[in-house]
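Q: The file below is entry_36.tsv, TSV, C-alpha atoms:
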```
chain	number	residue	atom	x	y	z
D	15	GLU	CA	3.33	-71.53	25.09
D	16	ALA	CA	1.12	-71.59	28.15
D	17	GLY	CA	-1.51	-74.32	28.25
D	18	VAL	CA	-5.17	-74.23	29.22
D	19	ALA	CA	-5.55	-72.92	32.76
D	20	GLN	CA	-8.35	-73.89	35.13
D	21	SER	CA	-9.26	-72.94	38.68
D	22	PRO	CA	-9.91	-74.02	41.28
D	23	ARG	CA	-8.30	-77.46	41.03
D	24	TYR	CA	-10.49	-78.92	43.77
D	25	LYS	CA	-13.84	-77.95	45.24
D	26	ILE	CA	-16.02	-79.56	47.90
D	27	ILE	CA	-19.57	-78.29	48.40
D	28	GLU	CA	-22.82	-79.49	49.86
D	29	LYS	CA	-25.79	-80.38	47.67
D	30	ARG	CA	-28.00	-77.45	46.74
D	31	GLN	CA	-25.06	-75.04	46.95
D	32	SER	CA	-23.73	-73.16	43.94
D	33	VAL	CA	-20.27	-73.45	42.41
D	34	ALA	CA	-18.36	-71.83	39.56
D	35	PHE	CA	-15.33	-72.93	37.59
D	36	TRP	CA	-13.04	-70.75	35.52
D	37	CYS	CA	-11.09	-71.54	32.36
D	38	ASN	CA	-8.52	-69.55	30.38
D	39	PRO	CA	-7.79	-71.14	27.00
D	40	ILE	CA	-4.56	-71.07	25.04
D	41	SER	CA	-3.95	-67.61	23.66
D	42	GLY	CA	-5.49	-67.16	20.24
D	43	HIS	CA	-7.74	-70.19	20.42
D	44	ALA	CA	-11.22	-69.33	19.19
D	45	THR	CA	-12.99	-72.46	20.36
D	46	LEU	CA	-13.53	-73.48	23.98
D	47	TYR	CA	-15.10	-76.67	25.31
D	48	TRP	CA	-16.35	-77.78	28.72
D	49	TYR	CA	-16.44	-81.51	29.45
D	50	GLN	CA	-17.76	-83.46	32.42
D	51	GLN	CA	-15.81	-86.58	33.40
D	52	ILE	CA	-17.57	-88.78	35.94
D	53	LEU	CA	-15.38	-91.31	37.74
D	54	GLY	CA	-14.88	-94.39	35.59
D	55	GLN	CA	-16.22	-92.75	32.44
D	56	GLY	CA	-14.83	-90.85	29.51
D	57	PRO	CA	-15.30	-87.09	29.19
D	58	LYS	CA	-18.68	-85.92	27.94
D	59	LEU	CA	-19.05	-82.62	26.11
D	60	LEU	CA	-21.27	-80.13	27.95
D	61	ILE	CA	-20.88	-77.02	25.84
D	62	GLN	CA	-18.79	-75.64	22.98
D	63	PHE	CA	-18.13	-71.95	22.31
D	64	GLN	CA	-16.85	-70.40	19.09
D	65	ASN	CA	-15.48	-67.03	20.20
D	66	ASN	CA	-18.28	-65.83	22.49
D	67	GLY	CA	-21.12	-67.71	20.78
D	68	VAL	CA	-22.51	-71.13	21.72
D	69	VAL	CA	-22.04	-73.79	19.02
D	70	ASP	CA	-23.27	-76.88	20.84
D	71	ASP	CA	-24.96	-77.11	24.24
D	72	SER	CA	-27.17	-80.10	23.50
D	73	GLN	CA	-25.79	-82.11	26.43
D	74	LEU	CA	-25.80	-79.30	28.99
D	75	PRO	CA	-28.40	-79.75	31.77
D	76	LYS	CA	-29.76	-76.26	31.38
D	77	ASP	CA	-31.98	-76.37	34.46
D	78	ARG	CA	-28.91	-76.17	36.69
D	79	PHE	CA	-25.82	-75.62	34.52
D	80	SER	CA	-24.88	-72.39	32.78
D	81	ALA	CA	-21.77	-71.18	31.01
D	82	GLU	CA	-20.57	-67.96	29.49
D	83	ARG	CA	-17.64	-66.64	27.50
D	84	LEU	CA	-18.41	-62.95	27.38
D	85	LYS	CA	-15.31	-61.54	25.72
D	86	GLY	CA	-14.43	-64.58	23.67
D	87	VAL	CA	-11.46	-65.47	25.85
D	88	ASP	CA	-11.93	-66.99	29.30
D	89	SER	CA	-15.05	-68.82	30.38
D	90	THR	CA	-17.05	-69.65	33.49
D	91	LEU	CA	-19.15	-72.76	34.09
D	92	LYS	CA	-21.70	-72.59	36.91
D	93	ILE	CA	-23.82	-75.18	38.66
D	94	GLN	CA	-26.79	-73.95	40.66
D	95	PRO	CA	-27.99	-75.84	42.66
D	96	ALA	CA	-25.57	-78.75	42.75
D	97	LYS	CA	-26.68	-82.37	43.08
D	98	LEU	CA	-24.76	-85.39	44.31
D	99	GLU	CA	-24.51	-86.73	40.75
D	100	ASP	CA	-22.61	-83.61	39.67
D	101	SER	CA	-19.51	-84.94	41.44
D	102	ALA	CA	-16.99	-85.21	38.62
D	103	VAL	CA	-13.94	-83.66	37.04
D	104	TYR	CA	-14.78	-80.67	34.84
D	105	LEU	CA	-12.35	-80.33	31.97
D	106	CYS	CA	-11.85	-77.31	29.81
D	107	ALA	CA	-10.30	-77.62	26.35
D	108	SER	CA	-9.53	-75.23	23.53
D	109	SER	CA	-8.70	-75.43	19.85
D	110	LEU	CA	-7.44	-72.93	17.34
D	111	VAL	CA	-10.44	-72.60	15.06
D	112	GLY	CA	-13.08	-75.20	15.78
D	113	GLY	CA	-15.15	-77.03	13.23
D	114	ALA	CA	-12.07	-78.37	11.49
D	115	LEU	CA	-12.26	-82.13	11.70
D	116	GLN	CA	-8.51	-82.63	11.96
D	117	GLU	CA	-8.05	-80.05	14.69
D	118	THR	CA	-6.55	-81.00	18.04
D	119	GLN	CA	-8.21	-80.06	21.31
D	120	TYR	CA	-5.86	-79.12	24.15
D	121	PHE	CA	-7.06	-79.91	27.65
D	122	GLY	CA	-6.54	-78.20	30.98
D	123	PRO	CA	-5.84	-80.10	34.23
D	124	GLY	CA	-9.49	-80.04	35.29
D	125	THR	CA	-11.45	-79.07	38.38
D	126	ARG	CA	-12.37	-81.95	40.65
D	127	LEU	CA	-15.80	-81.34	42.26
D	128	LEU	CA	-17.17	-83.32	45.18
D	129	VAL	CA	-20.78	-82.74	46.18
D	130	LEU	CA	-21.69	-84.00	49.66
I	12	ALA	CA	-24.90	-91.24	16.62
I	13	GLN	CA	-21.44	-92.53	17.19
I	14	SER	CA	-20.31	-94.63	20.13
I	15	VAL	CA	-16.95	-95.85	21.34
I	16	THR	CA	-16.23	-99.05	23.24
I	17	GLN	CA	-12.97	-99.72	24.99
I	18	LEU	CA	-12.97	-103.42	25.58
I	19	ASP	CA	-10.72	-103.52	28.64
I	20	SER	CA	-11.20	-101.29	31.66
I	21	GLN	CA	-7.85	-102.32	33.17
I	22	VAL	CA	-4.69	-103.72	31.60
I	23	PRO	CA	-1.80	-104.72	33.89
I	24	VAL	CA	1.53	-105.53	32.23
I	25	PHE	CA	5.15	-105.90	33.20
I	26	GLU	CA	7.77	-103.39	32.18
I	27	GLU	CA	9.26	-103.94	28.71
I	28	ALA	CA	6.33	-106.16	27.66
I	29	PRO	CA	4.21	-105.29	24.63
I	30	VAL	CA	0.72	-103.94	25.12
I	31	GLU	CA	-2.45	-103.51	23.07
I	32	LEU	CA	-5.40	-101.40	24.19
I	33	ARG	CA	-8.52	-102.16	22.22
I	34	CYS	CA	-11.04	-99.70	20.85
I	35	ASN	CA	-14.11	-100.29	18.68
I	36	TYR	CA	-16.46	-97.66	17.37
I	37	SER	CA	-19.88	-97.48	15.81
I	38	SER	CA	-20.90	-94.90	13.23
I	39	SER	CA	-22.90	-94.63	10.05
I	40	VAL	CA	-20.65	-91.98	8.50
I	41	SER	CA	-16.94	-91.39	8.06
I	42	VAL	CA	-15.04	-90.86	11.28
I	43	TYR	CA	-11.79	-89.50	12.59
I	44	LEU	CA	-10.17	-91.34	15.47
I	45	PHE	CA	-8.02	-90.23	18.38
I	46	TRP	CA	-6.19	-91.66	21.35
I	47	TYR	CA	-5.62	-89.49	24.42
I	48	VAL	CA	-3.62	-90.24	27.58
I	49	GLN	CA	-4.44	-88.90	31.04
I	50	TYR	CA	-1.81	-89.02	33.77
I	51	PRO	CA	-3.00	-88.74	37.40
I	52	ASN	CA	-4.40	-85.31	38.23
I	53	GLN	CA	-3.69	-83.99	34.76
I	54	GLY	CA	-5.72	-83.17	31.68
I	55	LEU	CA	-5.85	-85.23	28.53
I	56	GLN	CA	-2.93	-85.21	26.12
I	57	LEU	CA	-3.19	-86.27	22.48
I	58	LEU	CA	-1.20	-89.42	21.67
I	59	LEU	CA	-2.11	-89.81	18.02
I	60	LYS	CA	-4.90	-89.38	15.51
I	61	TYR	CA	-6.16	-90.96	12.31
I	62	LEU	CA	-7.63	-88.60	9.74
I	63	SER	CA	-6.96	-90.26	6.39
I	64	GLY	CA	-4.27	-92.03	4.39
I	65	SER	CA	-2.12	-94.76	5.90
I	66	THR	CA	-4.05	-96.87	8.36
I	67	LEU	CA	-1.02	-97.24	10.64
I	68	VAL	CA	-0.54	-94.11	12.66
I	69	LYS	CA	2.48	-93.34	14.82
I	70	GLY	CA	2.23	-91.09	17.84
I	71	ILE	CA	4.26	-89.81	20.73
I	72	ASN	CA	6.08	-91.91	23.33
I	73	GLY	CA	6.47	-94.87	20.93
I	74	PHE	CA	2.75	-95.60	20.59
I	75	GLU	CA	1.05	-96.53	17.34
I	76	ALA	CA	-2.47	-97.45	16.30
I	77	GLU	CA	-4.04	-99.15	13.33
I	78	PHE	CA	-7.34	-98.16	11.79
I	79	ASN	CA	-9.35	-101.13	10.55
I	80	LYS	CA	-12.47	-99.93	8.77
I	81	SER	CA	-13.98	-103.38	8.18
I	82	GLN	CA	-13.72	-104.23	11.87
I	83	THR	CA	-14.44	-100.65	13.01
I	84	SER	CA	-11.46	-100.78	15.31
I	85	PHE	CA	-8.59	-98.50	16.27
I	86	HIS	CA	-6.36	-100.46	18.63
I	87	LEU	CA	-3.41	-98.82	20.35
I	88	ARG	CA	-0.09	-100.66	20.64
I	89	LYS	CA	3.37	-100.25	22.08
I	90	PRO	CA	6.10	-102.89	21.64
I	91	SER	CA	7.78	-102.27	24.98
I	92	VAL	CA	6.21	-100.31	27.83
I	93	HIS	CA	7.83	-98.33	30.63
I	94	ILE	CA	6.74	-97.62	34.17
I	95	SER	CA	6.05	-94.05	33.06
I	96	ASP	CA	3.35	-95.28	30.64
I	97	THR	CA	1.09	-96.00	33.61
I	98	ALA	CA	-1.98	-93.84	32.93
I	99	GLU	CA	-5.57	-93.84	31.71
I	100	TYR	CA	-5.99	-94.08	27.94
I	101	PHE	CA	-9.04	-92.82	26.10
I	102	CYS	CA	-10.16	-93.59	22.58
I	103	ALA	CA	-12.31	-90.90	20.92
I	104	VAL	CA	-14.18	-90.51	17.66
I	105	ARG	CA	-15.33	-87.52	15.69
I	106	GLU	CA	-17.94	-87.95	12.95
I	107	GLU	CA	-17.56	-85.89	9.79
I	108	THR	CA	-21.11	-84.62	10.31
I	109	SER	CA	-20.77	-83.63	13.98
I	110	GLY	CA	-18.45	-80.66	13.70
I	111	SER	CA	-15.65	-80.81	16.22
I	112	ARG	CA	-17.52	-82.81	18.88
I	113	LEU	CA	-15.50	-85.71	20.31
I	114	THR	CA	-17.15	-88.82	21.76
I	115	PHE	CA	-14.93	-90.66	24.21
I	116	GLY	CA	-14.79	-94.26	25.33
I	117	GLU	CA	-14.82	-95.09	29.02
I	118	GLY	CA	-11.07	-95.42	29.25
I	119	THR	CA	-8.51	-98.15	29.88
I	120	GLN	CA	-6.25	-97.98	32.91
I	121	LEU	CA	-2.80	-99.22	31.91
I	122	THR	CA	-0.65	-100.21	34.87
I	123	VAL	CA	2.98	-101.09	34.18
I	124	ASN	CA	4.60	-103.13	36.94
I	125	PRO	CA	8.35	-103.56	37.50
```
What does the file become when written as structure tokens?
A:
Amino acid sequence: EAGVAQSPRYKIIEKRQSVAFWCNPISGHATLYWYQQILGQGPKLLIQFQNNGVVDDSQLPKDRFSAERLKGVDSTLKIQPAKLEDSAVYLCASSLVGGALQETQYFGPGTRLLVL
Amino acid sequence: AQSVTQLDSQVPVFEEAPVELRCNYSSSVSVYLFWYVQYPNQGLQLLLKYLSGSTLVKGINGFEAEFNKSQTSFHLRKPSVHISDTAEYFCAVREETSGSRLTFGEGTQLTVNP
């Protein structure tokens, strides 16, 4: 089966510009996650969707970050305006149901963002 | 809230040598533990997970990990590594009260030298 797809793979922007990332989860997976992975650190959850509803966005910087999953399938994460500290790899993951403690999350290859 | 500490940021070893990557966690409730591997320019791939039952868990690529509740540890081991095991390894924890949220450690870079 096809894995989690993300695009673009790389993006370079200047601070104060806007940027958007796209994610297509594994077919049939109800739950979608966005993580931020800063160099030298582990991934940090930004937002979790169950179908097209938000389950957890407690660690999302809502003044500049937004995300949507309108039809319960693919998702877009946006940063507006970007800051230097947003330079990171943005990982998308999906799981079949979500909320099940034993469930595995499957990760995409990530989008590497550099803010200059 | 839970936290995860990976005690070594970098572990260099020679090919065919054994390796142990250390992970300790902190939590006030029951937890589920995971090890993920990240190859260069790729996403994370699940190596193994501990949910319940036997404290020795076997995963893919010959890796295994042992859950030690009294020491709050979940160390990853492999008896003989290959060049292809060179990657970043992440330990992660999920609390039974936090839904499906994973908290990751900062990672251990394993470098296998010929």
Q: Counting all atoms listed in the file, which residue out of D:Leu105, D:Leu74, D:Ala19, D:Leu127 sits closest to chain I?
A: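 Checking each of D:Leu105, D:Leu74, D:Ala19, D:Leu127 against chain I, counting all atoms listed in the file, the winner is D:Leu105.
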Q: Please, which residues of chain I lie no more than 6 Å from chain D when the count uses only C-alpha atoms, and can they be set out as a PyMOL selection string?
A: chain I and resi 53-55+110-111+115-118
Q: One number please: atom CA of Phe74 of chain I to atom CA of Thr114 of chain I, in Å, one decimal.
A: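 We find that atom CA of Phe74 of chain I and atom CA of Thr114 of chain I lie 21.1 Å from each other.
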Q: Could you list, as a list in words, every residue within 10 Å of Ser84 of chain I, counting only C-alpha atoms and ignoring same-chain residues fewer than 3 positions away?
A: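 The filter keeps Val15, Thr16, Gln17, Arg33, Cys34, Asn35, Tyr36, Ser37, Leu44, Ala76, Glu77, Phe78, Asn79, Lys80, Ser81 and Leu87 of chain I.
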Q: So which residues touch segment 75-89 of chain D within 10 Å, counting all atoms listed in the file, skipping near sequence neighbours fewer than 3 positions away, as a CSV table (one decimal) with C-alpha atoms, in the frame of the given file?
A:
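Output below, filename around-v3.csv:
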```
chain,number,residue,atom,x,y,z
D,18,VAL,CA,-5.2,-74.2,29.2
D,19,ALA,CA,-5.6,-72.9,32.8
D,20,GLN,CA,-8.4,-73.9,35.1
D,32,SER,CA,-23.7,-73.2,43.9
D,33,VAL,CA,-20.3,-73.4,42.4
D,34,ALA,CA,-18.4,-71.8,39.6
D,35,PHE,CA,-15.3,-72.9,37.6
D,36,TRP,CA,-13.0,-70.8,35.5
D,37,CYS,CA,-11.1,-71.5,32.4
D,38,ASN,CA,-8.5,-69.6,30.4
D,39,PRO,CA,-7.8,-71.1,27.0
D,40,ILE,CA,-4.6,-71.1,25.0
D,41,SER,CA,-4.0,-67.6,23.7
D,42,GLY,CA,-5.5,-67.2,20.2
D,43,HIS,CA,-7.7,-70.2,20.4
D,44,ALA,CA,-11.2,-69.3,19.2
D,45,THR,CA,-13.0,-72.5,20.4
D,46,LEU,CA,-13.5,-73.5,24.0
D,47,TYR,CA,-15.1,-76.7,25.3
D,48,TRP,CA,-16.4,-77.8,28.7
D,60,LEU,CA,-21.3,-80.1,28.0
D,61,ILE,CA,-20.9,-77.0,25.8
D,62,GLN,CA,-18.8,-75.6,23.0
D,63,PHE,CA,-18.1,-72.0,22.3
D,64,GLN,CA,-16.8,-70.4,19.1
D,65,ASN,CA,-15.5,-67.0,20.2
D,66,ASN,CA,-18.3,-65.8,22.5
D,67,GLY,CA,-21.1,-67.7,20.8
D,68,VAL,CA,-22.5,-71.1,21.7
D,71,ASP,CA,-25.0,-77.1,24.2
D,72,SER,CA,-27.2,-80.1,23.5
D,92,LYS,CA,-21.7,-72.6,36.9
D,93,ILE,CA,-23.8,-75.2,38.7
D,94,GLN,CA,-26.8,-74.0,40.7
D,95,PRO,CA,-28.0,-75.8,42.7
D,96,ALA,CA,-25.6,-78.8,42.8
D,97,LYS,CA,-26.7,-82.4,43.1
D,106,CYS,CA,-11.8,-77.3,29.8
```
Q: Which one is closest to Phe45 of chain I: I:Leu18, I:Ala98, I:Leu58, I:Ile71? Count all atoms listed in the file.
A: I:Leu58
Q: If I take atom CA of His86 of chain I and atom CA of Glu31 of chain I, how far is one from the other in Å, to one decimal?
A: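 Going from atom CA of His86 of chain I over to atom CA of Glu31 of chain I covers 6.7 Å.
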Q: Could you check which of I:Pro23, I:Tyr100, I:Val42, I:Phe85 is closest to Ser63 of chain I, using only C-alpha atoms?
A: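 Comparing I:Pro23, I:Tyr100, I:Val42, I:Phe85 against Ser63 of chain I, the winner is I:Val42.
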Q: Which distance in Å separates atom CA of Gln56 of chain I and atom CA of Val68 of chain I, to one decimal?
A: 16.3 Å
Q: So that I can see what lies close to Thr122 of chain I, please list as a PyMOL selection string the residues with an atom at most 10 Å from it, counting all atoms listed in the file and leaving out residues fewer than 6 positions away in the same chain.
A: chain I and resi 21-26+92-99
